[in-house]
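> Hey, dropping start14.cif in here, mmCIF, N, CA and C atoms:
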data_coords
#
loop_
_atom_site.label_atom_id
_atom_site.label_comp_id
_atom_site.auth_asym_id
_atom_site.auth_seq_id
_atom_site.Cartn_x
_atom_site.Cartn_y
_atom_site.Cartn_z
N MET Q 260 -56.49 21.92 -22.41
CA MET Q 260 -57.24 22.32 -21.24
C MET Q 260 -56.84 21.40 -20.09
N VAL Q 261 -56.69 21.99 -18.91
CA VAL Q 261 -56.25 21.25 -17.75
C VAL Q 261 -57.38 21.22 -16.72
N TYR Q 262 -57.55 20.07 -16.09
CA TYR Q 262 -58.55 19.92 -15.04
C TYR Q 262 -57.93 20.35 -13.72
N ASN Q 263 -58.57 21.29 -13.03
CA ASN Q 263 -58.07 21.79 -11.77
C ASN Q 263 -58.83 21.10 -10.64
N SER Q 264 -58.23 20.08 -10.08
CA SER Q 264 -58.88 19.27 -9.05
C SER Q 264 -59.18 20.08 -7.79
N LEU Q 265 -58.25 20.89 -7.37
CA LEU Q 265 -58.44 21.68 -6.15
C LEU Q 265 -59.57 22.70 -6.31
N LYS Q 266 -59.60 23.36 -7.45
CA LYS Q 266 -60.67 24.33 -7.71
C LYS Q 266 -62.02 23.61 -7.75
N SER Q 267 -62.05 22.47 -8.38
CA SER Q 267 -63.28 21.69 -8.45
C SER Q 267 -63.75 21.30 -7.05
N TYR Q 268 -62.80 20.90 -6.20
CA TYR Q 268 -63.14 20.53 -4.83
C TYR Q 268 -63.73 21.70 -4.06
N TRP Q 269 -63.13 22.88 -4.21
CA TRP Q 269 -63.64 24.04 -3.46
C TRP Q 269 -65.03 24.44 -3.96
N ILE Q 270 -65.27 24.34 -5.22
CA ILE Q 270 -66.60 24.64 -5.75
C ILE Q 270 -67.61 23.64 -5.19
N TRP Q 271 -67.26 22.35 -5.20
CA TRP Q 271 -68.15 21.32 -4.67
C TRP Q 271 -68.40 21.56 -3.18
N ARG Q 272 -67.34 21.90 -2.45
CA ARG Q 272 -67.47 22.10 -1.01
C ARG Q 272 -68.38 23.28 -0.68
N ARG Q 273 -68.23 24.40 -1.42
CA ARG Q 273 -69.11 25.56 -1.18
C ARG Q 273 -70.57 25.20 -1.45
N LYS Q 274 -70.84 24.50 -2.53
CA LYS Q 274 -72.21 24.08 -2.84
C LYS Q 274 -72.75 23.15 -1.77
N LYS Q 275 -71.90 22.23 -1.32
CA LYS Q 275 -72.31 21.26 -0.31
C LYS Q 275 -72.62 21.97 1.00
N GLU Q 276 -71.79 22.94 1.41
CA GLU Q 276 -72.04 23.67 2.65
C GLU Q 276 -73.34 24.45 2.58
N ALA Q 277 -73.60 25.07 1.43
CA ALA Q 277 -74.85 25.82 1.26
C ALA Q 277 -76.05 24.87 1.31
N GLU Q 278 -75.92 23.71 0.69
CA GLU Q 278 -77.00 22.72 0.70
C GLU Q 278 -77.26 22.22 2.12
N GLU Q 279 -76.18 21.92 2.86
CA GLU Q 279 -76.33 21.43 4.24
C GLU Q 279 -76.93 22.51 5.15
N LYS Q 280 -76.56 23.74 4.91
CA LYS Q 280 -77.12 24.84 5.69
C LYS Q 280 -78.63 24.93 5.47
N GLU Q 281 -79.05 24.77 4.23
CA GLU Q 281 -80.48 24.80 3.91
C GLU Q 281 -81.20 23.62 4.55
N TRP Q 282 -80.59 22.43 4.54
CA TRP Q 282 -81.21 21.26 5.16
C TRP Q 282 -81.37 21.47 6.67
N ARG Q 283 -80.36 22.06 7.29
CA ARG Q 283 -80.44 22.33 8.73
C ARG Q 283 -81.57 23.30 9.03
N SER Q 284 -81.74 24.31 8.16
CA SER Q 284 -82.82 25.27 8.38
C SER Q 284 -84.18 24.61 8.21
N LEU Q 285 -84.24 23.53 7.43
CA LEU Q 285 -85.50 22.79 7.25
C LEU Q 285 -85.72 21.73 8.32
N GLY Q 286 -84.72 21.56 9.22
CA GLY Q 286 -84.87 20.63 10.34
C GLY Q 286 -84.49 19.20 10.03
N VAL Q 287 -83.64 18.98 9.04
CA VAL Q 287 -83.20 17.62 8.71
C VAL Q 287 -82.21 17.16 9.78
N ASP Q 288 -82.32 15.89 10.20
CA ASP Q 288 -81.47 15.31 11.24
C ASP Q 288 -80.00 15.34 10.81
N GLU Q 289 -79.09 15.61 11.75
CA GLU Q 289 -77.65 15.71 11.46
C GLU Q 289 -77.08 14.39 10.95
N ASN Q 290 -77.59 13.25 11.43
CA ASN Q 290 -77.10 11.95 10.96
C ASN Q 290 -77.41 11.76 9.47
N ILE Q 291 -78.60 12.19 9.05
CA ILE Q 291 -78.98 12.09 7.64
C ILE Q 291 -78.11 13.02 6.80
N ILE Q 292 -77.87 14.23 7.31
CA ILE Q 292 -77.01 15.17 6.58
C ILE Q 292 -75.61 14.59 6.44
N ALA Q 293 -75.08 13.96 7.48
CA ALA Q 293 -73.75 13.35 7.44
C ALA Q 293 -73.72 12.20 6.43
N GLU Q 294 -74.77 11.38 6.41
CA GLU Q 294 -74.83 10.27 5.45
C GLU Q 294 -74.88 10.80 4.01
N LEU Q 295 -75.69 11.84 3.79
CA LEU Q 295 -75.77 12.44 2.45
C LEU Q 295 -74.43 13.05 2.05
N HIS Q 296 -73.76 13.69 3.02
CA HIS Q 296 -72.45 14.28 2.75
C HIS Q 296 -71.47 13.19 2.32
N ASP Q 297 -71.44 12.07 3.07
CA ASP Q 297 -70.54 10.96 2.74
C ASP Q 297 -70.86 10.38 1.36
N PHE Q 298 -72.14 10.21 1.08
CA PHE Q 298 -72.57 9.67 -0.22
C PHE Q 298 -72.14 10.60 -1.36
N ASP Q 299 -72.38 11.91 -1.17
CA ASP Q 299 -72.00 12.89 -2.19
C ASP Q 299 -70.49 12.98 -2.35
N ARG Q 300 -69.75 12.80 -1.25
CA ARG Q 300 -68.29 12.84 -1.31
C ARG Q 300 -67.76 11.66 -2.14
N ILE Q 301 -68.37 10.50 -1.98
CA ILE Q 301 -67.97 9.33 -2.77
C ILE Q 301 -68.24 9.60 -4.26
N ALA Q 302 -69.39 10.17 -4.56
CA ALA Q 302 -69.73 10.50 -5.95
C ALA Q 302 -68.77 11.56 -6.50
N TYR Q 303 -68.45 12.55 -5.67
CA TYR Q 303 -67.52 13.60 -6.10
C TYR Q 303 -66.15 12.99 -6.40
N ASN Q 304 -65.64 12.12 -5.52
CA ASN Q 304 -64.33 11.49 -5.73
C ASN Q 304 -64.31 10.68 -7.02
N SER Q 305 -65.40 9.99 -7.29
CA SER Q 305 -65.49 9.21 -8.52
C SER Q 305 -65.42 10.13 -9.74
N ASP Q 306 -66.19 11.21 -9.70
CA ASP Q 306 -66.16 12.17 -10.80
C ASP Q 306 -64.78 12.81 -10.95
N ASP Q 307 -64.16 13.12 -9.82
CA ASP Q 307 -62.84 13.73 -9.85
C ASP Q 307 -61.83 12.82 -10.53
N ARG Q 308 -61.83 11.53 -10.18
CA ARG Q 308 -60.93 10.58 -10.83
C ARG Q 308 -61.20 10.51 -12.33
N PHE Q 309 -62.49 10.50 -12.69
CA PHE Q 309 -62.86 10.44 -14.10
C PHE Q 309 -62.31 11.64 -14.86
N TYR Q 310 -62.53 12.85 -14.34
CA TYR Q 310 -62.08 14.05 -15.05
C TYR Q 310 -60.56 14.16 -15.10
N LYS Q 311 -59.87 13.70 -14.05
CA LYS Q 311 -58.41 13.70 -14.10
C LYS Q 311 -57.92 12.82 -15.23
N ARG Q 312 -58.50 11.63 -15.36
CA ARG Q 312 -58.08 10.72 -16.43
C ARG Q 312 -58.50 11.25 -17.79
N LEU Q 313 -59.68 11.83 -17.87
CA LEU Q 313 -60.18 12.36 -19.13
C LEU Q 313 -59.24 13.43 -19.66
N TYR Q 314 -58.83 14.35 -18.82
CA TYR Q 314 -57.95 15.41 -19.27
C TYR Q 314 -56.54 14.91 -19.53
N ASP Q 315 -56.11 13.88 -18.81
CA ASP Q 315 -54.80 13.29 -19.10
C ASP Q 315 -54.80 12.70 -20.50
N VAL Q 316 -55.86 11.96 -20.84
CA VAL Q 316 -55.97 11.37 -22.17
C VAL Q 316 -56.11 12.47 -23.22
N GLY Q 317 -56.88 13.51 -22.91
CA GLY Q 317 -57.04 14.63 -23.84
C GLY Q 317 -55.71 15.28 -24.16
N ASP Q 318 -54.88 15.49 -23.14
CA ASP Q 318 -53.55 16.07 -23.36
C ASP Q 318 -52.70 15.14 -24.21
N PHE Q 319 -52.82 13.85 -23.96
CA PHE Q 319 -52.07 12.86 -24.75
C PHE Q 319 -52.46 12.95 -26.21
N TYR Q 320 -53.76 13.01 -26.50
CA TYR Q 320 -54.21 13.09 -27.87
C TYR Q 320 -53.81 14.41 -28.51
N GLU Q 321 -53.82 15.49 -27.75
CA GLU Q 321 -53.38 16.77 -28.30
C GLU Q 321 -51.92 16.71 -28.71
N GLU Q 322 -51.09 16.02 -27.90
CA GLU Q 322 -49.68 15.88 -28.25
C GLU Q 322 -49.52 15.08 -29.54
N ILE Q 323 -50.31 14.01 -29.68
CA ILE Q 323 -50.24 13.20 -30.89
C ILE Q 323 -50.66 14.02 -32.10
N ILE Q 324 -51.73 14.77 -31.96
CA ILE Q 324 -52.22 15.58 -33.06
C ILE Q 324 -51.17 16.62 -33.45
N GLU Q 325 -50.53 17.24 -32.46
CA GLU Q 325 -49.49 18.22 -32.77
C GLU Q 325 -48.34 17.57 -33.52
N ASP Q 326 -47.97 16.33 -33.13
CA ASP Q 326 -46.88 15.64 -33.80
C ASP Q 326 -47.21 15.34 -35.25
N LYS Q 327 -48.45 15.02 -35.53
CA LYS Q 327 -48.84 14.62 -36.87
C LYS Q 327 -49.37 15.77 -37.71
N SER Q 328 -49.44 16.94 -37.13
CA SER Q 328 -50.04 18.06 -37.85
C SER Q 328 -49.00 18.84 -38.65
N GLN Q 329 -47.97 18.15 -39.13
CA GLN Q 329 -47.00 18.82 -39.98
C GLN Q 329 -47.71 19.23 -41.26
N ARG Q 330 -47.12 20.18 -41.94
CA ARG Q 330 -47.77 20.67 -43.15
C ARG Q 330 -47.97 19.53 -44.14
N GLU Q 331 -49.06 19.58 -44.85
CA GLU Q 331 -49.39 18.54 -45.81
C GLU Q 331 -48.55 18.70 -47.07
N VAL Q 332 -48.02 17.59 -47.54
CA VAL Q 332 -47.19 17.58 -48.74
C VAL Q 332 -48.12 17.54 -49.95
N THR Q 333 -48.03 18.58 -50.79
CA THR Q 333 -48.94 18.66 -51.94
C THR Q 333 -48.22 18.67 -53.28
N SER Q 334 -46.91 18.73 -53.25
CA SER Q 334 -46.16 18.74 -54.52
C SER Q 334 -44.92 17.87 -54.40
N VAL Q 335 -44.37 17.51 -55.55
CA VAL Q 335 -43.17 16.69 -55.58
C VAL Q 335 -42.01 17.43 -54.90
N GLU Q 336 -41.93 18.75 -55.09
CA GLU Q 336 -40.87 19.53 -54.47
C GLU Q 336 -40.97 19.47 -52.95
N GLN Q 337 -42.18 19.59 -52.43
CA GLN Q 337 -42.37 19.50 -50.98
C GLN Q 337 -42.02 18.10 -50.47
N LEU Q 338 -42.37 17.09 -51.25
CA LEU Q 338 -42.01 15.72 -50.89
C LEU Q 338 -40.50 15.57 -50.75
N LEU Q 339 -39.78 16.10 -51.73
CA LEU Q 339 -38.31 16.01 -51.69
C LEU Q 339 -37.75 16.85 -50.54
N ASP Q 340 -38.38 17.97 -50.24
CA ASP Q 340 -37.91 18.81 -49.13
C ASP Q 340 -38.05 18.11 -47.78
N GLU Q 341 -39.01 17.20 -47.66
CA GLU Q 341 -39.25 16.50 -46.40
C GLU Q 341 -38.24 15.40 -46.13
N VAL Q 342 -37.50 14.97 -47.16
CA VAL Q 342 -36.53 13.88 -47.00
C VAL Q 342 -35.29 14.43 -46.32
N GLU Q 343 -34.93 13.83 -45.17
CA GLU Q 343 -33.78 14.30 -44.41
C GLU Q 343 -32.51 13.51 -44.70
N ASN Q 344 -32.66 12.26 -45.08
CA ASN Q 344 -31.50 11.41 -45.37
C ASN Q 344 -30.93 11.76 -46.74
N PRO Q 345 -29.66 12.19 -46.82
CA PRO Q 345 -29.08 12.60 -48.11
C PRO Q 345 -29.06 11.49 -49.16
N ALA Q 346 -28.80 10.25 -48.73
CA ALA Q 346 -28.76 9.14 -49.69
C ALA Q 346 -30.16 8.88 -50.27
N MET Q 347 -31.16 8.94 -49.43
CA MET Q 347 -32.54 8.75 -49.91
C MET Q 347 -32.94 9.89 -50.84
N TYR Q 348 -32.55 11.10 -50.46
CA TYR Q 348 -32.85 12.26 -51.30
C TYR Q 348 -32.23 12.08 -52.69
N LYS Q 349 -31.00 11.61 -52.74
CA LYS Q 349 -30.31 11.42 -54.01
C LYS Q 349 -31.06 10.40 -54.88
N ILE Q 350 -31.52 9.30 -54.27
CA ILE Q 350 -32.26 8.27 -55.01
C ILE Q 350 -33.57 8.84 -55.54
N LEU Q 351 -34.29 9.55 -54.69
CA LEU Q 351 -35.57 10.11 -55.12
C LEU Q 351 -35.37 11.20 -56.17
N LYS Q 352 -34.31 11.97 -56.05
CA LYS Q 352 -34.04 13.03 -57.01
C LYS Q 352 -33.77 12.45 -58.40
N LYS Q 353 -33.17 11.25 -58.46
CA LYS Q 353 -32.88 10.59 -59.74
C LYS Q 353 -34.12 9.93 -60.35
N ALA Q 354 -35.15 9.71 -59.54
CA ALA Q 354 -36.36 9.05 -60.04
C ALA Q 354 -37.08 9.97 -61.02
N SER Q 355 -37.85 9.36 -61.92
CA SER Q 355 -38.58 10.15 -62.92
C SER Q 355 -39.70 10.96 -62.25
N GLU Q 356 -40.12 11.99 -62.94
CA GLU Q 356 -41.21 12.85 -62.44
C GLU Q 356 -42.47 12.03 -62.22
N LYS Q 357 -42.77 11.12 -63.13
CA LYS Q 357 -43.98 10.29 -63.02
C LYS Q 357 -43.89 9.40 -61.77
N THR Q 358 -42.72 8.83 -61.51
CA THR Q 358 -42.53 7.99 -60.33
C THR Q 358 -42.71 8.81 -59.06
N LEU Q 359 -42.18 10.00 -59.04
CA LEU Q 359 -42.34 10.88 -57.87
C LEU Q 359 -43.80 11.28 -57.67
N GLN Q 360 -44.51 11.50 -58.76
CA GLN Q 360 -45.94 11.80 -58.65
C GLN Q 360 -46.70 10.62 -58.06
N ILE Q 361 -46.34 9.41 -58.48
CA ILE Q 361 -46.98 8.21 -57.94
C ILE Q 361 -46.70 8.09 -56.44
N ILE Q 362 -45.45 8.30 -56.05
CA ILE Q 362 -45.09 8.21 -54.63
C ILE Q 362 -45.85 9.27 -53.83
N LEU Q 363 -45.89 10.48 -54.35
CA LEU Q 363 -46.61 11.56 -53.67
C LEU Q 363 -48.08 11.20 -53.48
N MET Q 364 -48.69 10.68 -54.52
CA MET Q 364 -50.12 10.33 -54.43
C MET Q 364 -50.35 9.19 -53.44
N ARG Q 365 -49.42 8.22 -53.38
CA ARG Q 365 -49.54 7.13 -52.40
C ARG Q 365 -49.40 7.68 -50.99
N VAL Q 366 -48.45 8.60 -50.81
CA VAL Q 366 -48.25 9.22 -49.49
C VAL Q 366 -49.52 9.96 -49.07
N ARG Q 367 -50.17 10.58 -50.01
CA ARG Q 367 -51.39 11.34 -49.70
C ARG Q 367 -52.62 10.44 -49.55
N GLY Q 368 -52.47 9.13 -49.78
CA GLY Q 368 -53.56 8.21 -49.50
C GLY Q 368 -54.36 7.76 -50.71
N TYR Q 369 -53.92 8.09 -51.90
CA TYR Q 369 -54.63 7.65 -53.10
C TYR Q 369 -54.43 6.14 -53.29
N SER Q 370 -55.46 5.48 -53.81
CA SER Q 370 -55.32 4.06 -54.13
C SER Q 370 -54.61 3.92 -55.47
N VAL Q 371 -54.10 2.73 -55.74
CA VAL Q 371 -53.41 2.48 -57.00
C VAL Q 371 -54.38 2.65 -58.16
N LYS Q 372 -55.62 2.24 -57.96
CA LYS Q 372 -56.64 2.39 -59.00
C LYS Q 372 -56.85 3.87 -59.34
N ASP Q 373 -56.97 4.71 -58.31
CA ASP Q 373 -57.15 6.15 -58.54
C ASP Q 373 -55.95 6.76 -59.26
N ILE Q 374 -54.75 6.36 -58.83
CA ILE Q 374 -53.54 6.90 -59.45
C ILE Q 374 -53.50 6.51 -60.93
N SER Q 375 -53.85 5.25 -61.21
CA SER Q 375 -53.79 4.80 -62.60
C SER Q 375 -54.78 5.57 -63.46
N GLU Q 376 -55.94 5.91 -62.92
CA GLU Q 376 -56.93 6.68 -63.68
C GLU Q 376 -56.49 8.12 -63.87
N ILE Q 377 -55.90 8.71 -62.84
CA ILE Q 377 -55.50 10.11 -62.91
C ILE Q 377 -54.28 10.31 -63.82
N LEU Q 378 -53.28 9.44 -63.68
CA LEU Q 378 -52.04 9.61 -64.44
C LEU Q 378 -52.02 8.83 -65.75
N HIS Q 379 -53.07 8.06 -66.01
CA HIS Q 379 -53.17 7.26 -67.23
C HIS Q 379 -51.99 6.30 -67.35
N VAL Q 380 -51.73 5.57 -66.26
CA VAL Q 380 -50.66 4.58 -66.20
C VAL Q 380 -51.30 3.29 -65.70
N SER Q 381 -50.82 2.16 -66.19
CA SER Q 381 -51.40 0.88 -65.75
C SER Q 381 -51.05 0.62 -64.28
N LYS Q 382 -51.89 -0.18 -63.63
CA LYS Q 382 -51.65 -0.53 -62.23
C LYS Q 382 -50.32 -1.28 -62.09
N THR Q 383 -50.04 -2.16 -63.03
CA THR Q 383 -48.79 -2.92 -63.01
C THR Q 383 -47.59 -1.99 -63.05
N SER Q 384 -47.66 -0.97 -63.88
CA SER Q 384 -46.57 -0.01 -63.99
C SER Q 384 -46.37 0.73 -62.67
N ILE Q 385 -47.46 1.06 -62.04
CA ILE Q 385 -47.38 1.77 -60.74
C ILE Q 385 -46.69 0.88 -59.72
N TYR Q 386 -47.14 -0.38 -59.62
CA TYR Q 386 -46.52 -1.31 -58.68
C TYR Q 386 -45.03 -1.49 -58.97
N GLU Q 387 -44.67 -1.59 -60.22
CA GLU Q 387 -43.27 -1.78 -60.60
C GLU Q 387 -42.42 -0.57 -60.22
N ARG Q 388 -42.93 0.63 -60.48
CA ARG Q 388 -42.18 1.85 -60.15
C ARG Q 388 -41.97 1.95 -58.63
N ILE Q 389 -43.02 1.67 -57.89
CA ILE Q 389 -42.91 1.73 -56.42
C ILE Q 389 -41.93 0.67 -55.93
N LYS Q 390 -42.00 -0.53 -56.52
CA LYS Q 390 -41.10 -1.62 -56.12
C LYS Q 390 -39.64 -1.25 -56.36
N LYS Q 391 -39.34 -0.68 -57.53
CA LYS Q 391 -37.95 -0.31 -57.85
C LYS Q 391 -37.41 0.75 -56.88
N VAL Q 392 -38.22 1.75 -56.59
CA VAL Q 392 -37.79 2.80 -55.66
C VAL Q 392 -37.62 2.22 -54.26
N ARG Q 393 -38.54 1.37 -53.85
CA ARG Q 393 -38.46 0.76 -52.52
C ARG Q 393 -37.19 -0.08 -52.39
N GLU Q 394 -36.86 -0.85 -53.42
CA GLU Q 394 -35.64 -1.67 -53.39
C GLU Q 394 -34.40 -0.79 -53.23
N LYS Q 395 -34.36 0.31 -53.97
CA LYS Q 395 -33.21 1.22 -53.87
C LYS Q 395 -33.14 1.86 -52.48
N LEU Q 396 -34.28 2.26 -51.95
CA LEU Q 396 -34.30 2.89 -50.63
C LEU Q 396 -33.94 1.90 -49.53
N ASN Q 397 -34.34 0.64 -49.68
CA ASN Q 397 -34.01 -0.37 -48.67
C ASN Q 397 -32.50 -0.61 -48.60
N LYS Q 398 -31.79 -0.42 -49.69
CA LYS Q 398 -30.34 -0.59 -49.69
C LYS Q 398 -29.66 0.51 -48.86
N VAL Q 399 -30.30 1.65 -48.79
CA VAL Q 399 -29.74 2.80 -48.06
C VAL Q 399 -29.87 2.60 -46.55
N ARG Q 400 -30.92 1.98 -46.12
CA ARG Q 400 -31.18 1.82 -44.67
C ARG Q 400 -30.15 1.05 -44.02
#
Starting from the file, lay out its structure as structure tokens.


Amino acid sequence: MVYNSLKSYWIWRRKKEAEEKEWRSLGVDENIIAELHDFDRIAYNSDDRFYKRLYDVGDFYEEIIEDKSQREVTSVEQLLDEVENPAMYKILKKASEKTLQIILMRVRGYSVKDISEILHVSKTSIYERIKKVREKLNKVR
């Protein structure tokens, strides 16, 4: 969503003119109307700056969300499909199914404790498998 500053100004101006017209019909002094107009203009400018920045930040966050909203990896096959580097793909393809499941679960945010309970593997074994794959992948970089 984009903030339209000019449209907002014209809406404010029409409301302000109608308000000033009503004050004049009630006999309010022109100096007071001018002071109120200046005061309201300062408030309007402040709001305008706020909304411009708000929508700029909103657009920024939308871009970030779009960048990170790639499809969620839910299987080992999808994990391998996401790897673009051929050397890394080759290393991961040679890894055991259990190791790939561990990596997938870590990527998805599972803790080592949860993985060990789900896959019935010790925490030490999980750390060792991840360490071995990481060492091989670091050689590729």

> Using only N, CA and C atoms, which residue out of Q:Glu289, Q:His296, Q:Tyr262, Q:Glu394 lies closest to Q:Lys275?

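So, comparing all the options, the nearest one is Q:His296.
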
> Could you write out, as a PyMOL selection string, all the residues of chain Q that DSSP marks as alpha helix (DSSP H)?

chain Q and resi 264-284+289-327+335-341+345-353+356-366+371-378+382-399

> Would you compute the distance between atom CA of Q:Glu278 and atom CA of Q:Ser305? Give it in Å to one decimal.

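That distance, rounded to one decimal, is 20.0 Å.
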
> What is the distance between atom CA of Q:Ser267 and atom CA of Q:Asp297, in Å to one decimal?

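A separation of 17.1 Å between them.
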
> Find the spatial neighbours of stretch 350-352 of chain Q, counting only N, CA and C atoms, within a cut-off of 8 Å - ignore same-chain residues fewer than 6 positions away - and output them as a list in words.

Leu339, Asn344, Leu359, Val392, Lys395 and Leu396 of chain Q

> Identify, on the basis of all atoms listed in the file, every residue whose closest approach to Q:Ile385 does not exceed 8 Å; exclude the query and any residue fewer than 4 positions from it along the same chain; express the result as an NGL selection string.

:Q and (358 or 361 or 371 or 374-375 or 380-381 or 389-391)

> Have a look at atom N of Q:Trp271 and atom C of Q:Tyr303 and let me know their distance in Å, one decimal.

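Computing the Euclidean distance for atom N of Q:Trp271 and atom C of Q:Tyr303 yields 9.5 Å.
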
> Quick one: what's the axis-aligned box for stretch 384-400 of chain Q, all listed atoms, 3 Å on every side, centre and edges in Å to one decimal, as lines of an AutoDock Vina configuration file?


center_x = -38.7
center_y = 0.6
center_z = -54.0
size_x = 24.0
size_y = 10.7
size_z = 26.0

> Neighbours of Q:Ile292 within 8 Å (all atoms listed in the file; same-chain residues fewer than 4 positions away dropped), as a list in words?

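Close residues of Q:Ile292: Glu279, Trp282, Arg283, Val287, Asp288, His296, Asp297 and Phe298 of chain Q.
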
> I'd like to know which of Q:Lys266, Q:Lys280, Q:Arg393, Q:Arg273 is closest to Q:Asp307, using only C-alpha atoms.

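Nearest candidate to Q:Asp307 out of Q:Lys266, Q:Lys280, Q:Arg393, Q:Arg273: Q:Lys266.
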